[in-house]
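Source file: protein_0.txt (compact mmCIF, C-alpha atoms)
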# COMPACT_ATOMS: atom_id res chain seq x y z
CA MET U 1 164.05 97.25 136.48
CA LYS U 2 161.87 100.21 135.57
CA GLU U 3 161.62 103.73 136.93
CA ILE U 4 158.05 104.97 136.81
CA ASP U 5 157.48 108.73 137.01
CA ILE U 6 153.88 109.66 137.78
CA ILE U 7 152.86 113.31 137.39
CA ILE U 8 149.47 114.02 138.93
CA PRO U 9 147.44 116.74 140.65
CA GLN U 10 148.03 116.72 144.42
CA PRO U 11 144.58 115.27 145.34
CA TYR U 12 145.48 112.03 143.48
CA LEU U 13 148.55 111.33 145.63
CA ASP U 14 146.66 109.23 148.17
CA ALA U 15 145.09 107.03 145.46
CA VAL U 16 148.49 106.43 143.85
CA ASN U 17 150.02 105.60 147.24
CA LYS U 18 147.30 103.03 147.90
CA VAL U 19 148.04 101.29 144.59
CA LEU U 20 151.77 101.24 145.39
CA GLN U 21 151.12 99.81 148.87
CA LYS U 22 148.76 97.18 147.44
CA HIS U 23 151.59 95.92 145.22
CA LYS U 24 154.14 96.17 148.05
CA VAL U 25 156.32 98.69 146.21
CA GLY U 26 159.13 99.23 148.69
CA GLY U 27 159.98 102.88 148.31
CA MET U 28 158.66 105.95 146.62
CA TYR U 29 159.65 109.57 146.29
CA TYR U 30 157.26 112.42 145.75
CA TYR U 31 157.69 116.13 145.53
CA GLU U 32 155.82 119.19 144.34
CA ILE U 33 156.58 120.47 140.87
CA SER U 34 155.16 123.28 138.76
CA GLY U 35 154.43 123.13 135.08
CA ARG U 36 151.87 123.27 132.35
CA GLY U 37 150.34 120.83 129.95
CA ARG U 38 148.52 121.10 126.68
CA GLY U 39 145.14 121.51 128.33
CA GLU U 40 142.84 124.46 127.75
CA ARG U 41 143.68 127.50 129.83
CA LYS U 42 140.71 129.45 131.16
CA GLU U 43 140.72 133.12 132.01
CA VAL U 44 140.18 133.84 135.73
CA GLU U 45 139.76 136.92 137.92
CA LYS U 46 142.99 137.95 139.59
CA LEU U 47 143.01 138.35 143.37
CA VAL U 48 145.22 141.17 144.60
CA ALA U 49 146.28 142.49 148.03
CA PRO U 50 146.08 140.81 151.43
CA ASP U 51 142.34 141.36 151.75
CA SER U 52 141.83 139.52 148.42
CA TYR U 53 139.52 141.97 146.69
CA MET U 54 138.82 141.60 142.98
CA THR U 55 140.49 144.15 140.72
CA GLY U 56 138.53 143.28 137.63
CA LYS U 57 141.73 142.24 135.89
CA ARG U 58 141.64 138.91 134.12
CA TYR U 59 144.54 136.61 133.34
CA ILE U 60 145.17 133.11 132.08
CA PRO U 61 147.16 131.00 134.56
CA GLU U 62 150.10 129.44 132.73
CA PHE U 63 151.57 127.17 135.41
CA HIS U 64 150.05 125.08 138.18
CA SER U 65 151.28 122.82 140.97
CA LEU U 66 151.52 119.07 140.48
CA MET U 67 153.04 116.13 142.33
CA LYS U 68 155.74 113.92 140.86
CA VAL U 69 155.96 110.39 142.25
CA GLN U 70 158.97 108.21 141.42
CA VAL U 71 159.24 104.48 142.03
CA ILE U 72 161.56 101.68 140.93
CA VAL U 73 159.83 98.37 140.21
CA SER U 74 160.63 95.03 138.61
CA ASP U 75 160.00 94.62 134.89
CA THR U 76 157.14 92.20 135.59
CA LEU U 77 155.25 94.71 137.77
CA GLU U 78 155.41 97.65 135.35
CA LYS U 79 152.29 97.10 133.22
CA THR U 80 150.07 96.04 136.13
CA LEU U 81 151.09 99.03 138.21
CA VAL U 82 150.66 101.55 135.40
CA GLU U 83 147.22 100.18 134.48
CA GLU U 84 145.99 100.30 138.09
CA ILE U 85 147.31 103.82 138.63
CA MET U 86 145.64 105.06 135.45
CA ASN U 87 142.36 103.34 136.38
CA SER U 88 142.40 104.73 139.92
CA VAL U 89 143.01 108.40 139.04
CA SER U 90 141.60 108.87 135.53
CA THR U 91 138.57 111.10 135.15
CA GLY U 92 138.92 111.38 131.39
CA SER U 93 140.30 114.92 131.64
CA ALA U 94 143.50 116.09 129.96
CA GLY U 95 144.65 117.38 133.37
CA ASP U 96 144.70 113.95 135.05
CA GLY U 97 148.45 113.62 134.60
CA LYS U 98 151.10 111.54 132.86
CA VAL U 99 153.07 108.36 133.48
CA PHE U 100 156.59 107.89 132.12
CA VAL U 101 158.50 104.60 132.25
CA LYS U 102 162.29 104.37 131.92
CA ASP U 103 164.73 101.49 132.01
CA VAL U 104 167.07 101.31 134.99
CA THR U 105 170.25 99.47 134.12
CA ASN U 106 171.66 99.17 137.62
CA ALA U 107 171.34 100.38 141.22
CA TYR U 108 173.76 100.50 144.13
CA ASP U 109 173.02 100.59 147.85
CA ILE U 110 175.72 102.70 149.46
CA GLY U 111 175.30 101.28 152.96
CA THR U 112 175.25 97.56 152.16
CA LYS U 113 177.35 97.87 149.00
CA THR U 114 174.91 95.62 147.11
CA SER U 115 173.92 96.20 143.51
CA GLY U 116 171.21 95.28 141.05
CA GLU U 117 167.60 94.53 141.93
CA LYS U 118 168.56 93.60 145.48
CA ALA U 119 169.79 97.16 146.03
CA ALA U 120 166.89 98.89 144.28
CA LEU U 121 163.87 96.87 145.35

What is this structure when it is put down as structure tokens?
Amino acid sequence: MKEIDIIIPQPYLDAVNKVLQKHKVGGMYYYEISGRGRGERKEVEKLVAPDSYMTGKRYIPEFHSLMKVQVIVSDTLEKTLVEEIMNSVSTGSAGDGKVFVKDVTNAYDIGTKTSGEKAAL
């Protein structure tokens, strides 16, 4: 079994979900995270106060919001799923996201007390 962690900008979440549904991936978790990558940081005007007027101050945003999607899949589905996710969300930009794949040695379902792939998938 493999755990696939997909870190993407929020607008890509729907495209990733469609790929997961297409391959009948049973469950997924997603949540908002904040972080930074190696991409170029551009200076922007800073908005201040409730009425959002420009102060003329400039800053370089260090962190931004992303989505992290986690799924557990069979070993045979890993490469297909990763390729389709990358093809569906890639624009060629450094800010498109990352995919990490980890081995899962075992899983346990607390309710049914099953283990292995039957519990995880």

Residues within 6 Å of region 94-109 of chain U, please, as a tab-separated table (two decimals) with C-alpha atoms, in the frame of the given file. Count only C-alpha atoms; anything in the same chain fewer than 3 positions from it doesn't count.
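As written to disk, result_10.tsv reads:
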chain	number	residue	atom	x	y	z
U	1	MET	CA	164.05	97.25	136.48
U	2	LYS	CA	161.87	100.21	135.57
U	3	GLU	CA	161.62	103.73	136.93
U	4	ILE	CA	158.05	104.97	136.81
U	5	ASP	CA	157.48	108.73	137.01
U	6	ILE	CA	153.88	109.66	137.78
U	7	ILE	CA	152.86	113.31	137.39
U	8	ILE	CA	149.47	114.02	138.93
U	39	GLY	CA	145.14	121.51	128.33
U	90	SER	CA	141.60	108.87	135.53
U	112	THR	CA	175.25	97.56	152.16
U	113	LYS	CA	177.35	97.87	149.00
U	114	THR	CA	174.91	95.62	147.11
U	115	SER	CA	173.92	96.20	143.51
U	116	GLY	CA	171.21	95.28	141.05
U	119	ALA	CA	169.79	97.16	146.03
U	120	ALA	CA	166.89	98.89	144.28

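If you look at CA of Val71 (chain U) and CA of Lys22 (chain U), they are 13.9 Å away from each other.
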
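Across U:Glu32, U:Glu84, U:Asp14, U:Glu117, the tightest approach to Leu66 (chain U) is made by U:Glu32 when counting only C-alpha atoms.
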
Kindly give the distance, in Å, that separates CA of Lys18 (chain U) and CA of Ile110 (chain U), rounded to a single decimal. 28.5 Å

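Among the candidate residues U:Leu121, U:Ile72, U:Leu81, U:Met67, the one lying nearest to Tyr31 (chain U) is U:Met67, with distances computed using all atoms listed in the file.
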
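In this structure, CA of Leu13 (chain U) sits 11.5 Å away from CA of Met28 (chain U).
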
Among listed residues U:Lys118, U:Gly111, U:Ser88, U:Thr76, nearest Val19 (chain U) (using only C-alpha atoms): U:Ser88

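Comparing the minimum interatomic distances between Tyr29 (chain U) and each of U:Gln70, U:His64, U:Gln10, U:Asn87, counting all atoms listed in the file, we find that U:Gln70 sits nearest.
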
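Nearest to Tyr12 (chain U) of all the residues U:Lys24, U:Arg38, U:Lys68, U:Lys79 is U:Lys68, counting all atoms listed in the file.
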
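Closest approach to Ser74 (chain U) among U:Met86, U:Gly26, U:Ser34, U:Thr91: U:Gly26, based on all atoms listed in the file.
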